[in-house]
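Asks: See run.txt below, with compact mmCIF, C-alpha atoms and all ligand atoms.
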# COMPACT_ATOMS: atom_id res chain seq x y z
CA MET A 1490 0.00 0.00 0.00
CA SER A 1491 1.61 3.24 -1.04
CA GLN A 1492 0.69 6.81 -0.29
CA PRO A 1493 1.74 8.90 -3.25
CA ASN A 1494 1.74 12.67 -3.10
CA VAL A 1495 1.15 13.42 -6.76
CA PRO A 1496 -0.31 11.42 -9.62
CA PHE A 1497 2.74 10.62 -11.73
CA PRO A 1498 1.92 8.77 -14.95
CA GLN A 1499 4.21 5.80 -14.04
CA SER A 1500 2.66 5.27 -10.62
CA PRO A 1501 -0.47 3.29 -9.77
CA VAL A 1502 -2.19 6.62 -9.14
CA VAL A 1503 -4.71 7.37 -11.89
CA PRO A 1504 -3.47 10.73 -13.23
CA LYS A 1505 -6.76 12.55 -12.78
CA MET A 1506 -7.81 14.75 -9.89
CA VAL A 1507 -11.39 14.40 -8.73
CA ASP A 1508 -13.56 15.82 -5.96
CA GLY A 1509 -15.60 14.15 -3.23
CA SER A 1510 -18.63 13.63 -5.46
CA HIS A 1511 -16.67 11.35 -7.77
CA VAL A 1512 -18.10 7.81 -7.81
CA ILE A 1513 -15.71 4.91 -7.26
CA GLN A 1514 -16.32 1.21 -7.59
CA PHE A 1515 -14.65 -0.57 -4.71
CA SER A 1516 -15.10 -2.97 -1.83
CA CYS A 1517 -12.63 -4.73 0.44
CA HIS A 1518 -13.63 -7.61 2.67
CA LYS A 1519 -12.12 -10.59 4.42
CA GLY A 1520 -12.03 -13.58 2.09
CA ILE A 1521 -11.23 -11.56 -1.01
CA GLY A 1522 -8.43 -13.21 -3.04
CA CYS A 1523 -5.93 -10.42 -2.38
CA TRP A 1524 -6.54 -10.25 1.38
CA ASN A 1525 -3.64 -8.41 3.08
CA ALA A 1526 -1.75 -7.86 -0.21
CA CYS A 1527 -1.88 -4.09 0.34
CA CYS A 1528 -0.42 -4.40 3.86
CA ALA A 1529 2.39 -6.73 2.74
CA ASN A 1530 4.37 -4.00 0.99
CA ILE A 1531 3.96 -0.68 2.72
CA ASP A 1532 5.01 2.92 2.22
CA ILE A 1533 2.81 4.78 4.70
CA SER A 1534 3.33 8.33 5.97
CA LEU A 1535 1.80 9.12 9.34
CA THR A 1536 0.10 12.29 10.49
CA PRO A 1537 0.52 13.55 14.07
CA TYR A 1538 -3.03 12.38 14.81
CA ASP A 1539 -2.25 8.89 13.45
CA ILE A 1540 0.66 8.68 15.91
CA LEU A 1541 -1.47 9.99 18.78
CA ARG A 1542 -4.12 7.29 18.17
CA LEU A 1543 -1.66 4.45 17.75
CA LYS A 1544 0.55 5.24 20.74
CA LYS A 1545 -2.56 5.47 22.89
CA ARG A 1546 -3.91 2.15 21.63
CA LEU A 1547 -0.58 0.43 22.17
CA GLU A 1548 -0.13 2.12 25.57
CA LEU A 1549 3.30 3.40 24.60
CA SER A 1550 4.93 6.77 25.03
CA SER A 1551 5.32 8.68 21.78
CA ALA A 1552 9.11 8.13 21.89
CA GLU A 1553 8.64 4.36 22.35
CA PHE A 1554 6.14 4.25 19.49
CA LEU A 1555 8.38 6.28 17.16
CA THR A 1556 11.41 4.09 17.90
CA LYS A 1557 9.65 0.76 17.44
CA TYR A 1558 7.24 1.44 14.60
CA THR A 1559 8.52 4.34 12.52
CA PHE A 1560 11.43 6.01 10.79
CA PRO A 1561 11.84 9.69 9.83
CA TYR A 1562 12.13 10.96 6.29
CA GLU A 1563 12.48 14.34 4.60
CA LEU A 1564 9.08 15.84 3.95
CA ASP A 1565 10.52 18.72 1.95
CA LYS A 1566 13.81 19.99 0.60
CA ASP A 1567 14.48 22.00 3.77
CA ASP A 1568 14.75 18.88 5.98
CA ILE A 1569 11.33 19.27 7.57
CA ALA A 1570 10.71 15.75 8.86
CA GLY A 1571 7.89 13.38 8.17
CA VAL A 1572 7.40 9.96 9.74
CA LYS A 1573 6.68 6.66 8.01
CA PHE A 1574 5.73 3.21 9.26
CA ARG A 1575 8.74 0.94 9.75
CA PRO A 1576 7.96 -2.45 8.17
CA VAL A 1577 8.79 -5.81 9.81
CA GLU A 1578 12.49 -6.56 10.33
CA GLY A 1579 14.04 -7.59 6.99
CA GLY A 1580 10.72 -7.37 5.12
CA THR A 1581 8.17 -5.03 3.60
CA ALA A 1582 4.99 -5.95 5.52
CA CYS A 1583 3.33 -3.75 8.10
CA GLN A 1584 4.11 -4.74 11.68
CA PHE A 1585 0.37 -4.72 12.43
CA MET A 1586 -0.61 -7.14 9.68
CA THR A 1587 -2.00 -10.49 10.90
CA PRO A 1588 -3.66 -13.34 8.96
CA GLU A 1589 -7.00 -12.02 10.25
CA GLY A 1590 -6.25 -8.53 8.98
CA CYS A 1591 -5.18 -5.30 10.64
CA SER A 1592 -4.52 -5.70 14.38
CA VAL A 1593 -5.03 -1.97 15.01
CA TYR A 1594 -8.02 -1.59 12.68
CA GLU A 1595 -10.02 0.88 14.81
CA ASP A 1596 -6.93 3.11 15.03
CA ARG A 1597 -5.42 2.46 11.60
CA PRO A 1598 -3.74 5.51 10.04
CA THR A 1599 -5.27 7.96 7.59
CA ALA A 1600 -3.51 6.50 4.54
CA CYS A 1601 -4.90 3.02 5.31
CA ARG A 1602 -8.41 4.46 5.68
CA TYR A 1603 -8.17 6.35 2.39
CA TYR A 1604 -6.86 3.48 0.29
CA PRO A 1605 -7.51 3.15 -2.70
CA VAL A 1606 -8.08 6.91 -2.71
CA ALA A 1607 -5.17 9.36 -2.34
CA LEU A 1608 -5.69 12.74 -0.72
CA LEU A 1609 -4.02 15.61 -2.57
CA SER A 1610 -4.00 18.66 -0.31
CA MET A 1611 -3.12 21.78 -2.25
CA ARG A 1612 -2.76 25.45 -1.64
CA LYS A 1613 -3.22 27.91 -4.47
CA GLU A 1614 -0.85 30.85 -4.70
CA GLY A 1615 -2.14 33.79 -2.65
CA GLU A 1616 -4.74 31.70 -0.81
CA ASN A 1617 -4.59 31.06 2.91
CA PHE A 1618 -6.50 27.79 2.90
CA ASP A 1619 -5.90 24.38 1.43
CA THR A 1620 -8.25 22.53 -0.87
CA ALA A 1621 -8.67 18.78 -0.95
CA SER A 1622 -8.69 16.88 -4.21
CA TYR A 1623 -8.42 13.16 -4.64
CA ALA A 1624 -6.94 10.62 -7.00
CA LEU A 1625 -7.63 6.94 -7.33
CA VAL A 1626 -4.88 4.37 -6.72
CA GLN A 1627 -5.24 1.35 -8.97
CA GLU A 1628 -2.76 -1.40 -8.15
CA ASP A 1629 -2.86 -4.65 -10.12
CA HIS A 1630 -2.94 -6.84 -7.01
CA CYS A 1631 -6.01 -5.12 -5.54
CA LYS A 1632 -9.16 -6.98 -6.51
CA GLY A 1633 -11.39 -4.56 -4.62
CA HIS A 1634 -11.90 -2.53 -7.81
CA ALA A 1635 -13.62 -5.49 -9.46
CA VAL A 1636 -16.32 -5.75 -6.78
CA GLN A 1637 -19.63 -4.28 -7.91
CA ARG A 1638 -20.19 -1.60 -5.29
CA SER A 1639 -20.44 2.05 -6.22
CA LEU A 1640 -20.17 5.00 -3.84
CA THR A 1641 -18.87 8.54 -3.90
CA ILE A 1642 -15.50 9.42 -2.35
CA ASP A 1643 -17.39 11.50 0.25
CA GLU A 1644 -19.44 8.40 1.18
CA TYR A 1645 -16.30 6.29 1.29
CA ARG A 1646 -14.57 8.82 3.56
CA LYS A 1647 -17.54 8.73 5.91
CA GLU A 1648 -17.61 4.94 5.92
CA GLN A 1649 -13.90 4.82 6.77
CA GLY A 1650 -14.16 7.45 9.55
CA ILE A 1651 -11.77 9.79 7.77
CA ASP A 1652 -13.44 13.12 8.60
CA GLN A 1653 -12.12 13.24 12.15
CA TYR A 1654 -8.64 12.16 11.03
CA ASP A 1655 -8.47 14.85 8.36
CA GLU A 1656 -9.88 17.53 10.62
CA LEU A 1657 -7.36 16.83 13.38
CA ALA A 1658 -4.40 16.71 11.01
CA ARG A 1659 -5.45 19.89 9.24
CA GLY A 1660 -3.17 22.21 11.25
CA TRP A 1661 -0.18 20.00 10.42
CA ARG A 1662 -1.03 19.83 6.71
CA GLN A 1663 -1.38 23.60 6.60
CA LEU A 1664 2.05 24.04 8.19
CA VAL A 1665 3.64 21.70 5.66
CA LEU A 1666 1.84 23.29 2.70
CA LYS A 1667 2.70 26.79 3.85
CA LYS A 1668 6.34 25.79 4.30
CA LYS A 1669 6.45 24.17 0.85
CA SER A 1670 4.77 27.10 -0.88
CA SER A 1671 6.65 29.88 0.93
CA GLY A 1672 9.94 29.17 -0.86
CA PRO A 1673 12.96 31.36 -0.21
CA THR A 1674 10.93 34.09 1.55
CA ILE A 1675 10.95 31.98 4.71
CA GLY A 1676 14.23 30.19 4.02
CA LYS A 1677 15.53 27.01 5.58
CA PRO A 1678 14.47 26.75 9.23
CA SER A 1679 17.28 26.47 11.77
CA LEU A 1680 18.17 23.08 13.24
CA LYS A 1681 16.42 24.11 16.46
CA SER A 1682 13.21 25.00 14.59
CA ARG A 1683 13.29 21.67 12.77
CA GLN A 1684 13.79 19.84 16.06
CA LEU A 1685 10.86 21.75 17.56
CA PHE A 1686 8.75 20.79 14.53
CA PHE A 1687 9.54 17.11 15.06
CA MET A 1688 8.85 17.24 18.78
CA ALA A 1689 5.57 19.19 18.55
CA CYS A 1690 4.20 17.12 15.66
CA TYR A 1691 5.34 13.61 16.46
CA ASN A 1692 6.92 13.29 19.90
CA LEU A 1693 3.89 14.54 21.79
CA ASP A 1694 4.92 13.36 25.26
CA GLN A 1695 8.22 15.19 25.00
CA PHE A 1696 6.33 18.28 23.82
CA ARG A 1697 4.02 17.95 26.86
CA ALA A 1698 7.04 18.06 29.18
CA PHE A 1699 8.33 21.10 27.28
CA VAL A 1700 5.02 22.98 27.60
CA ALA A 1701 4.80 22.07 31.30
CA SER A 1702 8.37 23.24 31.98
CA ASP A 1703 9.28 26.37 33.98
CA ALA A 1704 11.27 27.68 31.01
CA PHE A 1705 8.15 27.59 28.81
CA GLY A 1706 6.11 29.34 31.52
CA GLU A 1707 8.70 32.09 31.83
CA LEU A 1708 8.70 32.73 28.10
CA PHE A 1709 5.01 32.47 27.14
CA ALA A 1710 2.07 34.28 28.73
CA LEU A 1711 -0.46 31.45 28.79
CA PRO A 1712 -3.19 31.56 31.46
CA VAL A 1713 -2.68 28.75 33.99
CA GLU A 1714 -6.03 27.07 33.20
CA GLU A 1715 -5.34 27.10 29.48
CA ARG A 1716 -1.90 25.59 30.00
CA GLU A 1717 -3.31 22.87 32.28
CA LYS A 1718 -5.99 22.02 29.72
CA ILE A 1719 -3.37 21.77 26.97
CA VAL A 1720 -1.00 19.61 29.00
CA GLY A 1721 -3.82 17.33 30.21
CA ASP A 1722 -5.25 16.35 26.84
CA ASP A 1723 -3.40 14.80 23.88
CA VAL A 1724 -5.61 16.35 21.19
CA GLU A 1725 -5.48 19.83 22.79
CA LEU A 1726 -1.72 19.48 23.09
CA MET A 1727 -1.33 18.44 19.45
CA GLN A 1728 -3.46 21.38 18.25
CA PHE A 1729 -1.48 23.74 20.48
CA GLY A 1730 1.68 22.33 18.88
CA PHE A 1731 0.51 23.47 15.44
CA ARG A 1732 -0.21 26.92 16.87
CA PHE A 1733 3.22 27.01 18.50
CA LEU A 1734 4.90 26.03 15.22
CA ARG A 1735 3.21 28.85 13.31
CA GLN A 1736 5.15 31.12 15.64
CA VAL A 1737 8.41 29.17 15.39
CA LEU A 1738 8.41 28.70 11.61
CA PHE A 1739 6.59 31.75 10.30
CA GLY A 1740 6.96 34.33 13.07
CA GLU A 1741 3.19 34.60 13.62
CA ASP A 1742 2.20 36.01 16.99
CA SER A 1743 0.17 32.92 17.80
CA ILE A 1744 1.16 32.70 21.50
CA PRO A 1745 1.73 35.87 23.54
CA LEU A 1746 5.13 36.30 25.17
CA ASN A 1747 5.58 37.45 28.76
CA ASP A 1748 6.63 41.11 28.94
CA ALA A 1749 10.02 40.32 30.46
CA ALA A 1750 10.68 37.58 27.92
CA ALA A 1751 9.56 39.79 25.03
CA LYS A 1752 11.92 42.55 26.22
CA GLU A 1753 14.77 40.10 26.66
CA ARG A 1754 14.17 38.67 23.20
CA ALA A 1755 14.10 42.16 21.64
CA GLU A 1756 17.34 42.98 23.48
CA LYS A 1757 19.00 39.80 22.15
CA VAL A 1758 17.95 40.69 18.60
CA ARG A 1759 19.33 44.23 19.10
CA GLU A 1760 22.64 42.82 20.44
CA LYS A 1761 22.88 40.44 17.50
CA HIS A 1762 22.45 43.32 15.03
CA LEU A 1763 25.01 45.45 16.87
CA LYS A 1764 27.49 42.55 16.88
CA ALA A 1765 26.99 42.04 13.13
CA GLU A 1766 27.51 45.75 12.49
CA ARG A 1767 30.66 45.80 14.68
CA GLU A 1768 32.11 42.80 12.86
CA ALA A 1769 31.37 44.38 9.47
CA ALA A 1770 33.11 47.60 10.58
CA GLU A 1771 36.14 45.62 11.79
CA ARG A 1772 36.36 43.79 8.47
CA LEU A 1773 36.20 47.08 6.62
CA ALA A 1774 38.95 48.55 8.81
CA ARG A 1775 41.16 45.54 8.09
CA ALA A 1776 40.43 45.90 4.38
CA GLU A 1777 41.69 49.46 4.51
CA ASP A 1778 44.90 48.02 5.98
CA GLY A 1779 45.20 45.77 2.91
CA ASP A 1780 43.24 42.61 3.85
CA TYR A 1781 40.52 41.12 1.64
CA PRO A 1782 37.28 42.33 3.27
CA PHE A 1783 35.17 39.16 2.97
CA GLU A 1784 37.81 36.67 4.03
CA ASP A 1785 36.69 34.16 6.68
CA ASP A 1786 38.18 34.86 10.07
S1 LIG B 1801 -1.97 -0.35 9.90
FE1 LIG B 1801 -3.34 -2.02 9.39
S2 LIG B 1801 -4.34 -1.40 7.50
FE2 LIG B 1801 -2.53 -0.13 7.72
S3 LIG B 1801 -0.90 -1.18 6.61
FE3 LIG B 1801 -0.81 -1.84 8.74
S4 LIG B 1801 -2.01 -3.71 8.83
FE4 LIG B 1801 -2.56 -2.65 6.94
S1 LIG B 1802 -9.05 -5.56 -1.89
FE1 LIG B 1802 -7.32 -4.15 -2.05
S2 LIG B 1802 -7.45 -3.09 -0.09
FE2 LIG B 1802 -8.61 -4.99 0.16
S3 LIG B 1802 -7.19 -6.53 0.91
FE3 LIG B 1802 -7.19 -6.66 -1.33
S4 LIG B 1802 -5.43 -5.37 -1.88
FE4 LIG B 1802 -6.00 -4.80 0.15
Here is a file; write its structure as structure tokens.
Replies:
Amino acid sequence: MSQPNVPFPQSPVVPKMVDGSHVIQFSCHKGIGCWNACCANIDISLTPYDILRLKKRLELSSAEFLTKYTFPYELDKDDIAGVKFRPVEGGTACQFMTPEGCSVYEDRPTACRYYPVALLSMRKEGENFDTASYALVQEDHCKGHAVQRSLTIDEYRKEQGIDQYDELARGWRQLVLKKKSSGPTIGKPSLKSRQLFFMACYNLDQFRAFVASDAFGELFALPVEEREKIVGDDVELMQFGFRFLRQVLFGEDSIPLNDAAAKERAEKVREKHLKAEREAAERLARAEDGDYPFEDD
């Protein structure tokens, strides 16, 4: 089962974008000749909400879940990380595949719910919202397409319980789309920003400890009740993470800073500028003495 991003002609993705009213012919059920074929060769990206559901079901911390069941990959050219399912040791099958089917069915990830439909989230230039289009994935081994059952993609999404999954991953998709479409105006995020992105999106328990820390409280002006609500609920925490990352990655004022912290931060920025100016002046002075002005020190 693969989760392509775009419908390339050589891929099993039918190169045609459709909307939710498009009618598909498909049914998957135990006993079908290709049972489990899709889960035997996986390439599945996970959303933060997928991870939240699975770590809760398996009663693992997010770090334990990430280590055992996933590996990171580059989501975009600027090293923003995504997370994919790690297949079984030495093989290609999903670790949750059993002869009876999916062992985490009620909490299976978004990509598994969508299959054989692919979600194509897009953001038009100049627009602040994303639009969902879909494509159909037609793999030779999947006999589900030959079953006589017709329904629209919207009906299929409802049947598979996708609405909630999409809604709760929306903030994350928007961050990724905005990052991809912002190009050089935003630039490559620093290593620290990329680490914060990974923690807030995927390593939720570590992010909880960060939000609960004294250092966080000293920097951000969050009312105590709001902070307690965020720290006490996984979904609230995940949504807060997306808000936090809008500030980290795009400089939005999404979380107010404490006065003292805001002043300190402004002072640090001022010192940084002064230092840069001083260094430039020193280089220029050396150049007047005969050195090459842009030589590395
Ligand atoms: S999570 Fe379940 S449905 Fe998804 S690939 Fe694994 S076994 Fe298949
Ligand atoms: S019909 Fe398709 S989705 Fe269902 S088990 Fe077969 S390969 Fe997988």
Asks: Neighbouring residues of ligand LIG 1801 (chain B) are defined here as those with any atom at most 9 Å from a ligand atom, counting only C-alpha atoms and all ligand atoms; list them as a count of residues only.
Replies: 30
Asks: Smallest atom-to-atom distance to Arg1662 (chain A): which of A:Pro1504, A:Gly1571, A:Gly1650, A:Pro1678, using all atoms listed in the file?
Replies: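 Of A:Pro1504, A:Gly1571, A:Gly1650, A:Pro1678, the one nearest Arg1662 (chain A), counting all atoms listed in the file, is A:Gly1571.
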Asks: Report, in Å with one decimal, the straight-line distance from atom S1 of ligand LIG 1802 (chain B) to CA of Arg1638 (chain A).
Replies: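 The value is 12.3 Å.
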Asks: Between A:Asp1748, A:Asp1652, A:Glu1741, A:Asp1629, which residue has the minimum interatomic distance to ligand LIG 1802 (chain B), considering only C-alpha atoms and all ligand atoms?
Replies: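 Using only C-alpha atoms and all ligand atoms, the shortest distance to ligand LIG 1802 (chain B) belongs to A:Asp1629.
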Asks: In terms of the shortest atom-to-atom distance over only C-alpha atoms and all ligand atoms, which of A:Glu1578, A:Val1606, A:Leu1543, A:Leu1555 is closest to ligand LIG 1802 (chain B)?
Replies: A:Val1606
Asks: Give the answer as one residue: which of A:Leu1685, A:Leu1746, A:Ile1513, A:Gly1676 has the shortest atom-to-atom distance to Leu1708 (chain A), using all atoms listed in the file?
Replies: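 For Leu1708 (chain A), the nearest of the candidates is A:Leu1746.
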Asks: For the interface of chain A with ligand LIG 1802 (chain B) (cut-off 7 Å, counting only C-alpha atoms and all ligand atoms), please tabulate each contacting residue of chain A alongside its nearest pair of atoms and their separation in Å to one decimal, rows sorted by chain and increasing number, as CSV.
Replies:
residue,atom,partner,partner_atom,distance
A:Ser1516,CA,B:LIG1802,S1,6.6
A:Cys1517,CA,B:LIG1802,FE2,4.0
A:His1518,CA,B:LIG1802,FE2,6.2
A:Ile1521,CA,B:LIG1802,FE3,6.4
A:Gly1522,CA,B:LIG1802,FE3,6.9
A:Cys1523,CA,B:LIG1802,FE3,4.1
A:Trp1524,CA,B:LIG1802,S3,3.8
A:Asn1525,CA,B:LIG1802,S3,4.6
A:Ala1526,CA,B:LIG1802,S4,4.7
A:Cys1527,CA,B:LIG1802,FE4,4.2
A:Cys1528,CA,B:LIG1802,FE4,6.7
A:Tyr1604,CA,B:LIG1802,S2,6.6
A:Pro1605,CA,B:LIG1802,S2,6.8
A:His1630,CA,B:LIG1802,S4,5.9
A:Cys1631,CA,B:LIG1802,S4,3.7
A:Lys1632,CA,B:LIG1802,S1,4.8
A:Gly1633,CA,B:LIG1802,S1,3.7
Asks: Considering all atoms listed in the file, can you say which of A:Arg1732, A:Arg1546, A:Lys1761, A:Lys1669 comes closest to Asp1565 (chain A)?
Replies: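 Closest to Asp1565 (chain A), using all atoms listed in the file: A:Lys1669.
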Asks: List as a list in words: which residues have an atom within 12 Å of (-4.1, 20.8, 25.0), counting all atoms listed in the file?
Replies: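 The requested residues, written out, are Ala1689, Leu1693, Asp1694, Phe1696, Arg1697, Val1700, Ala1701, Leu1711, Glu1714, Glu1715, Arg1716, Glu1717, Lys1718, Ile1719, Val1720, Gly1721, Asp1722, Asp1723, Val1724, Glu1725, Leu1726, Met1727, Gln1728, Phe1729, Gly1730, Phe1731, Arg1732 and Phe1733 of chain A.
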Asks: With distances taken over only C-alpha atoms, which residue among A:Lys1757, A:His1762, A:Lys1566, A:Arg1683 lies nearest Leu1738 (chain A)?
Replies: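 Smallest distance to Leu1738 (chain A) is found for A:Arg1683.
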Asks: Let me have the centre and edge lengths in Å, one decimal, of the box along x, y and z around every listed atom of region 1764-1776 of chain A with 5 Å of margin on each side, as JSON.
Replies:
{"center_x": 34.1, "center_y": 45.3, "center_z": 10.6, "size_x": 24.2, "size_y": 16.5, "size_z": 22.5}
Asks: Would you list the residues near (-19.3, 16.3, 0.0), meaning any protein, DNA or RNA residue with an atom at most 12 Å from that point in file coordinates, counting all atoms listed in the file, as a list in words?
Replies: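 Every polymer residue passing the test: Val1507, Asp1508, Gly1509, Ser1510, His1511, Val1512, Ala1621, Ser1622, Leu1640, Thr1641, Ile1642, Asp1643, Glu1644, Tyr1645, Arg1646, Lys1647 and Asp1652 of chain A.
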Asks: Any chance you can output those residues with C-alpha atoms as a tab-separated table (two decimals), in the coordinates of the input?
Replies:
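Result file out.tsv:
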chain	number	residue	atom	x	y	z
A	1507	VAL	CA	-11.39	14.40	-8.73
A	1508	ASP	CA	-13.56	15.82	-5.96
A	1509	GLY	CA	-15.60	14.15	-3.23
A	1510	SER	CA	-18.63	13.63	-5.46
A	1511	HIS	CA	-16.67	11.35	-7.77
A	1512	VAL	CA	-18.10	7.81	-7.81
A	1621	ALA	CA	-8.67	18.78	-0.95
A	1622	SER	CA	-8.69	16.88	-4.21
A	1640	LEU	CA	-20.17	5.00	-3.84
A	1641	THR	CA	-18.87	8.54	-3.90
A	1642	ILE	CA	-15.50	9.42	-2.35
A	1643	ASP	CA	-17.39	11.50	0.25
A	1644	GLU	CA	-19.44	8.40	1.18
A	1645	TYR	CA	-16.30	6.29	1.29
A	1646	ARG	CA	-14.57	8.82	3.56
A	1647	LYS	CA	-17.54	8.73	5.91
A	1652	ASP	CA	-13.44	13.12	8.60
Asks: Please provide the set of residues having any atom within 8 Å of Gln1695 (chain A), restricted to all atoms listed in the file, with same-chain residues fewer than 4 positions apart removed, written as a list in words.
Replies: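 The residues that qualify are Ser1551, Ala1552, Met1688 and Phe1699 of chain A.
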